[in-house]
There are 2 protein chains.
Amino acid sequence: MQWFRKLFGAGQRRTFTTQEPAMSVLDNRQARLASRPVGMVTPENFTIETRPAESPGEGEVLVKVLYISLDPAMRGWLNEGKSYVPPVGIGEVMRSGGVGVVVESKDPAFRPGDHVVGITGVQQYARLPAKGLHKVDPSFAPLPTYLGVLGMPGMTAYFGLLEVGALKDGETVVVSGATGAVGAVVGQIAKIKGCKVIGIAGGAEKCAYAVGELGFDACIDYKADDVRKALRQHCPDGIDVYFDNVGGEILDAALANLARGARVPICGAISQYNNTTPVKGPSNYMSLLVNRARMEGFVVFDFAARYGEAARAMGAWIAEGKLKHREDIVDGGVDAFVPTLNKLFTGENFGKLVLKIQDA
Amino acid sequence: MQWFRKLFGAGQRRTFTTQEPAMSVLDNRQARLASRPVGMVTPENFTIETRPAESPGEGEVLVKVLYISLDPAMRGWLNEGKSYVPPVGIGEVMRSGGVGVVVESKDPAFRPGDHVVGITGVQQYARLPAKGLHKVDPSFAPLPTYLGVLGMPGMTAYFGLLEVGALKDGETVVVSGATGAVGAVVGQIAKIKGCKVIGIAGGAEKCAYAVGELGFDACIDYKADDVRKALRQHCPDGIDVYFDNVGGEILDAALANLARGARVPICGAISQYNNTTPVKGPSNYMSLLVNRARMEGFVVFDFAARYGEAARAMGAWIAEGKLKHREDIVDGGVDAFVPTLNKLFTGENFGKLVLKIQDA
């Protein structure tokens, strides 16, 4: 379990030597926001261009980005207005999580060759403050894993289910986006806790995976089934925790089937992110009153002080074979950013969606 | 404070003598549900008829009903389908809270002349199980008060704000239906707790009352003002607790102005109860995520074991002049049930709406 101390631990300070020559001649291909999308993101919303990589200043590190994370939340970052993080500004490099290797360091905590995760952005080389980076160990798990089950999606699932969802052993849990980066972890943790788990996913293949590979008790194909009716059949005593990744009609179907005292952690609303019409609010929200239930939003960053705890638990479950993960890696580089991102919204991805930026 | 022991205490057992002759010849005018309303309730949805009052059996009491409570929740009881209580059946006497005087008792806990509150229904004489009745003291407060601030609306305000809303001293509280039976108590308790309180009500007269009489810091007239904008002005640091009695666009306006960690107790949705189209879900519910906030439903009956605690606190505040109340009493008898009920939904009532059934 050495890896999680490296990933999430305090980080030991090392003596280091600055490499020479400074690597300021590197070409850095980047995706910069050109205009705010209306509805689905189009290639025209981004400028893909090559600039020289910038040298790190004191306390900074230059990271060669190898993989970036594609997340539904990215769509929200492209909209103007108040949210839990500021929007990406016009002309700025697109924000993203990423994993890479340090090529130059002006901070004693990192040296060239270290593998790190952080908010790299959609680019080949990221000049970053050292304090925002965490070391990872590619010998413990493949690098893309640190963007999925061992990264933010995994943390989101862990704290969203156990803390916000206040899961109790043996309850009935429903999770949408069941084979996605967050949903797959939510359902598996609930199974580890002895719960009955019903997934909701799009298509027979994903549903078969949720049941056959992830061990869910059942999975409802929202493209083929009447979700509300299927939930009533699978959850005759009602849903204790509905972990919502999608919003829209599926949220309404779940609200219509709550058990008394149910909790509904709101993790996302992927069905609504590309709306050009107003967001569809959950018509069945009065089920919260009837069932003395609560719907609660959360942002995983608020649990940062406890990432280590989650990483220890999840690392152990992975080692025991109880927590499986699947990455959907697109080898397309920075130029493939927009079409790869849109796979999330068409439901084409299967597992944690990652874009490979370049070879190590 | 003798009254609350009588109202909410264990109830002392007394020896009693059955009165003779049995009062089975009394005429009992009643409102029975004839058909389920679509949209607003109409007189045709009820049959008003006179039947003989029924004699109580063992453990039962015959109550002469003096006042009944008109509550927004009544509209929900008229709809088919699962809720926190079963719907009123076709042909049944309309359910309602009421206060009256015992005229015949077959239970040692009550004797003729006792004043009681309970679920009397919309009728002149109610044959009721003794265990569902609580004694009240007309010398402490006028009888209609026991249907308002000293009854279910008061309990709803107390537990909804302090428990579900988890109010902390000094927070910013917004309450809709601000001069209604529940809202007026919510806002005044929040003021007692040192909070900043903004009401939302319909019309200048109600708003003036909320500020001038109830002591709210401000009151937004939803018929004249842009509620969302007004909330932003009055709550520059956001809303910590939004106590929702109305749903619809006002709920959305409040969600758009939440502070981080806000709580939104869902008490009712009077704007939606007469919908013939689907309920309008709150489009801004994703504000819960951005602000790590929660929306939570509740039913006051769940706090029944603690009514005594609330009654003690509120009785003391009334005695100190800190908690004011206002009843809107319609002297119309059973025949006036439907038009009186509809005053709730047109916003014509001002204060706790009560229908006088008959003289004592």
# chains A, B, ... in the order shown; residues from 1 in each chain; ligands from 1

call {"tool": "residues_around", "arguments": {"residues": "Ile220 (chain A)", "least_positions_apart": "4", "cutoff": "10 Å", "atoms": "only C-alpha atoms", "output": "NGL selection string"}}
result
:A and (174 or 176 or 178 or 198-204 or 206-208 or 210 or 224-228 or 230-231 or 234)

call {"tool": "select_by_dssp", "arguments": {"residues": "region 24-244 of chain B", "states": "strand (DSSP E or B)", "output": "number ranges by chain"}}
result
B: 27-33, 46-52, 60-69, 93, 98-105, 115-118, 123, 125-129, 134-135, 172-176, 196-201, 218-221, 239-244

call {"tool": "interface_residues", "arguments": {"of": "chain A", "to": "chain B", "cutoff": "10 Å", "atoms": "only C-alpha atoms", "output": "PyMOL selection string"}}
result
chain A and resi 82-85+164+247+252+260-269+278-300+302

call {"tool": "write_last_selection", "arguments": {"atoms": "C-alpha atoms", "output": "CSV table (one decimal), in the first residue's frame"}}
result
chain,number,residue,atom,x,y,z
A,82,LYS,CA,-21.2,31.1,-10.6
A,83,SER,CA,-20.5,27.5,-9.8
A,84,TYR,CA,-18.2,25.6,-7.4
A,85,VAL,CA,-15.2,26.6,-9.6
A,164,VAL,CA,-23.6,12.3,1.7
A,247,GLY,CA,-30.8,14.1,-13.5
A,252,ASP,CA,-37.8,11.6,-11.5
A,260,ARG,CA,-39.0,6.5,3.8
A,261,GLY,CA,-35.9,8.3,5.0
A,262,ALA,CA,-34.2,8.0,1.6
A,263,ARG,CA,-31.1,10.0,0.7
A,264,VAL,CA,-30.4,11.3,-2.8
A,265,PRO,CA,-26.8,12.5,-3.3
A,266,ILE,CA,-26.7,14.7,-6.3
A,267,CYS,CA,-23.4,14.1,-8.0
A,268,GLY,CA,-24.2,15.4,-11.5
A,269,ALA,CA,-26.9,15.8,-14.1
A,278,PRO,CA,-34.0,25.3,-19.2
A,279,VAL,CA,-32.9,22.4,-17.0
A,280,LYS,CA,-35.8,20.0,-16.3
A,281,GLY,CA,-36.3,20.2,-12.6
A,282,PRO,CA,-37.4,17.0,-10.8
A,283,SER,CA,-41.3,17.0,-11.0
A,284,ASN,CA,-41.5,14.4,-8.3
A,285,TYR,CA,-39.5,16.3,-5.7
A,286,MET,CA,-42.5,16.3,-3.4
A,287,SER,CA,-41.8,12.6,-2.9
A,288,LEU,CA,-39.1,14.1,-0.5
A,289,LEU,CA,-41.9,15.3,1.7
A,290,VAL,CA,-44.0,12.2,1.6
A,291,ASN,CA,-41.0,10.0,2.3
A,292,ARG,CA,-39.2,12.3,4.7
A,293,ALA,CA,-36.3,12.1,2.3
A,294,ARG,CA,-33.4,14.4,1.4
A,295,MET,CA,-31.6,15.4,-1.8
A,296,GLU,CA,-28.2,16.8,-1.2
A,297,GLY,CA,-25.5,18.1,-3.4
A,298,PHE,CA,-21.8,17.8,-2.8
A,299,VAL,CA,-18.4,18.6,-4.3
A,300,VAL,CA,-15.6,16.1,-3.7
A,302,ASP,CA,-14.7,19.4,0.3

call {"tool": "residues_around", "arguments": {"residues": "region 257-259 of chain B", "least_positions_apart": "6", "cutoff": "7 Å", "atoms": "only C-alpha atoms", "output": "NGL selection string"}}
result
:B and (231-232 or 237-240 or 291)

call {"tool": "residues_around", "arguments": {"residues": "Ala313 (chain B)", "least_positions_apart": "3", "cutoff": "12 Å", "atoms": "only C-alpha atoms", "output": "list in words"}}
result
Met1, Phe4, Val149, Leu150, Gly154, Met155, Tyr158, Phe159, Ile189, Ile192, Arg306, Tyr307, Gly308, Glu309, Ala310, Ala316, Trp317, Ile318, Ala319, Glu320, Lys322 and Leu323 of chain B

call {"tool": "write_last_selection", "arguments": {"atoms": "C-alpha atoms", "output": "short mmCIF file (atom, residue, chain, number, x, y, z; two decimals), in the first residue's frame"}}
result
data_model
loop_
_atom_site.label_atom_id
_atom_site.label_comp_id
_atom_site.auth_asym_id
_atom_site.auth_seq_id
_atom_site.Cartn_x
_atom_site.Cartn_y
_atom_site.Cartn_z
CA MET B 1 -48.37 26.77 31.49
CA PHE B 4 -49.79 22.46 27.51
CA VAL B 149 -49.88 28.44 16.53
CA LEU B 150 -50.65 25.95 19.33
CA GLY B 154 -47.07 25.67 15.04
CA MET B 155 -45.49 22.24 15.52
CA TYR B 158 -40.99 24.55 15.11
CA PHE B 159 -39.64 21.17 14.02
CA ILE B 189 -38.91 31.66 15.82
CA ILE B 192 -36.12 34.81 18.45
CA ARG B 306 -41.69 15.87 21.06
CA TYR B 307 -44.81 18.05 20.72
CA GLY B 308 -44.63 18.77 24.45
CA GLU B 309 -41.18 20.31 24.09
CA ALA B 310 -42.37 22.56 21.27
CA ALA B 316 -43.44 30.71 26.83
CA TRP B 317 -42.79 32.87 23.75
CA ILE B 318 -46.50 33.70 23.44
CA ALA B 319 -46.64 34.62 27.12
CA GLU B 320 -43.60 36.89 26.66
CA LYS B 322 -42.49 37.31 21.28
CA LEU B 323 -44.71 35.03 19.24
#

call {"tool": "select_by_dssp", "arguments": {"residues": "region 99-286 of chain B", "states": "helix (DSSP H, G or I)", "output": "count of residues only"}}
result
63

call {"tool": "atom_distance", "arguments": {"atom1": "CA of Ile68 (chain B)", "atom2": "CA of Lys343 (chain B)"}}
result
14.5 Å

call {"tool": "atom_distance", "arguments": {"atom1": "CA of Gly165 (chain B)", "atom2": "CA of Gly97 (chain B)"}}
result
25.2 Å

call {"tool": "atom_distance", "arguments": {"atom1": "CA of Gly332 (chain B)", "atom2": "CA of Asp359 (chain B)"}}
result
11.0 Å

call {"tool": "decode", "arguments": {"residues": "region 219-291 of chain A", "atoms": "C-alpha atoms", "output": "PDB file, in the first residue's frame"}}
result
ATOM      1  CA  CYS A 219     -29.243  -3.263 -14.104  1.00  0.00           C
ATOM      2  CA  ILE A 220     -32.002  -1.350 -15.884  1.00  0.00           C
ATOM      3  CA  ASP A 221     -31.398  -0.369 -19.510  1.00  0.00           C
ATOM      4  CA  TYR A 222     -32.885   3.104 -19.716  1.00  0.00           C
ATOM      5  CA  LYS A 223     -32.858   2.947 -23.508  1.00  0.00           C
ATOM      6  CA  ALA A 224     -35.099  -0.122 -23.557  1.00  0.00           C
ATOM      7  CA  ASP A 225     -36.936  -0.284 -20.228  1.00  0.00           C
ATOM      8  CA  ASP A 226     -39.557   1.785 -18.420  1.00  0.00           C
ATOM      9  CA  VAL A 227     -37.213   2.913 -15.641  1.00  0.00           C
ATOM     10  CA  ARG A 228     -39.913   3.909 -13.183  1.00  0.00           C
ATOM     11  CA  LYS A 229     -41.705   0.580 -13.517  1.00  0.00           C
ATOM     12  CA  ALA A 230     -38.481  -1.414 -13.427  1.00  0.00           C
ATOM     13  CA  LEU A 231     -37.396   0.351 -10.242  1.00  0.00           C
ATOM     14  CA  ARG A 232     -40.731  -0.484  -8.644  1.00  0.00           C
ATOM     15  CA  GLN A 233     -40.195  -4.147  -9.519  1.00  0.00           C
ATOM     16  CA  HIS A 234     -36.586  -4.320  -8.372  1.00  0.00           C
ATOM     17  CA  CYS A 235     -37.107  -2.218  -5.229  1.00  0.00           C
ATOM     18  CA  PRO A 236     -40.465  -3.313  -3.805  1.00  0.00           C
ATOM     19  CA  ASP A 237     -39.605  -1.728  -0.446  1.00  0.00           C
ATOM     20  CA  GLY A 238     -38.354   1.477  -2.066  1.00  0.00           C
ATOM     21  CA  ILE A 239     -34.912   2.972  -2.656  1.00  0.00           C
ATOM     22  CA  ASP A 240     -32.857   3.917   0.419  1.00  0.00           C
ATOM     23  CA  VAL A 241     -30.064   5.663  -1.484  1.00  0.00           C
ATOM     24  CA  TYR A 242     -30.342   6.927  -5.047  1.00  0.00           C
ATOM     25  CA  PHE A 243     -26.966   8.174  -6.238  1.00  0.00           C
ATOM     26  CA  ASP A 244     -27.740  10.530  -9.101  1.00  0.00           C
ATOM     27  CA  ASN A 245     -25.284  11.121 -11.920  1.00  0.00           C
ATOM     28  CA  VAL A 246     -27.769  11.975 -14.630  1.00  0.00           C
ATOM     29  CA  GLY A 247     -30.760  14.111 -13.533  1.00  0.00           C
ATOM     30  CA  GLY A 248     -33.749  14.457 -15.849  1.00  0.00           C
ATOM     31  CA  GLU A 249     -36.347  11.726 -16.208  1.00  0.00           C
ATOM     32  CA  ILE A 250     -34.269   9.095 -14.459  1.00  0.00           C
ATOM     33  CA  LEU A 251     -34.045  11.254 -11.340  1.00  0.00           C
ATOM     34  CA  ASP A 252     -37.815  11.627 -11.462  1.00  0.00           C
ATOM     35  CA  ALA A 253     -38.274   7.880 -11.806  1.00  0.00           C
ATOM     36  CA  ALA A 254     -36.079   7.307  -8.762  1.00  0.00           C
ATOM     37  CA  LEU A 255     -37.881   9.971  -6.697  1.00  0.00           C
ATOM     38  CA  ALA A 256     -41.140   8.176  -7.480  1.00  0.00           C
ATOM     39  CA  ASN A 257     -39.746   5.058  -5.791  1.00  0.00           C
ATOM     40  CA  LEU A 258     -38.094   6.309  -2.605  1.00  0.00           C
ATOM     41  CA  ALA A 259     -38.277   4.498   0.708  1.00  0.00           C
ATOM     42  CA  ARG A 260     -39.035   6.468   3.832  1.00  0.00           C
ATOM     43  CA  GLY A 261     -35.944   8.341   5.010  1.00  0.00           C
ATOM     44  CA  ALA A 262     -34.194   8.007   1.635  1.00  0.00           C
ATOM     45  CA  ARG A 263     -31.079   9.973   0.708  1.00  0.00           C
ATOM     46  CA  VAL A 264     -30.406  11.257  -2.807  1.00  0.00           C
ATOM     47  CA  PRO A 265     -26.823  12.466  -3.256  1.00  0.00           C
ATOM     48  CA  ILE A 266     -26.699  14.743  -6.295  1.00  0.00           C
ATOM     49  CA  CYS A 267     -23.388  14.110  -8.019  1.00  0.00           C
ATOM     50  CA  GLY A 268     -24.211  15.367 -11.478  1.00  0.00           C
ATOM     51  CA  ALA A 269     -26.876  15.773 -14.134  1.00  0.00           C
ATOM     52  CA  ILE A 270     -25.277  14.676 -17.374  1.00  0.00           C
ATOM     53  CA  SER A 271     -28.640  14.519 -19.134  1.00  0.00           C
ATOM     54  CA  GLN A 272     -29.018  18.274 -18.664  1.00  0.00           C
ATOM     55  CA  TYR A 273     -25.545  19.663 -19.327  1.00  0.00           C
ATOM     56  CA  ASN A 274     -26.028  20.315 -23.031  1.00  0.00           C
ATOM     57  CA  ASN A 275     -29.555  21.694 -22.725  1.00  0.00           C
ATOM     58  CA  THR A 276     -30.348  24.736 -24.780  1.00  0.00           C
ATOM     59  CA  THR A 277     -33.716  24.882 -22.992  1.00  0.00           C
ATOM     60  CA  PRO A 278     -34.011  25.335 -19.206  1.00  0.00           C
ATOM     61  CA  VAL A 279     -32.943  22.442 -17.017  1.00  0.00           C
ATOM     62  CA  LYS A 280     -35.767  20.024 -16.301  1.00  0.00           C
ATOM     63  CA  GLY A 281     -36.338  20.165 -12.571  1.00  0.00           C
ATOM     64  CA  PRO A 282     -37.444  16.970 -10.842  1.00  0.00           C
ATOM     65  CA  SER A 283     -41.264  17.049 -10.975  1.00  0.00           C
ATOM     66  CA  ASN A 284     -41.484  14.357  -8.330  1.00  0.00           C
ATOM     67  CA  TYR A 285     -39.519  16.309  -5.730  1.00  0.00           C
ATOM     68  CA  MET A 286     -42.535  16.313  -3.403  1.00  0.00           C
ATOM     69  CA  SER A 287     -41.759  12.649  -2.871  1.00  0.00           C
ATOM     70  CA  LEU A 288     -39.093  14.061  -0.533  1.00  0.00           C
ATOM     71  CA  LEU A 289     -41.881  15.312   1.720  1.00  0.00           C
ATOM     72  CA  VAL A 290     -44.033  12.198   1.552  1.00  0.00           C
ATOM     73  CA  ASN A 291     -41.033  10.016   2.302  1.00  0.00           C
TER      74      ASN A 291
END
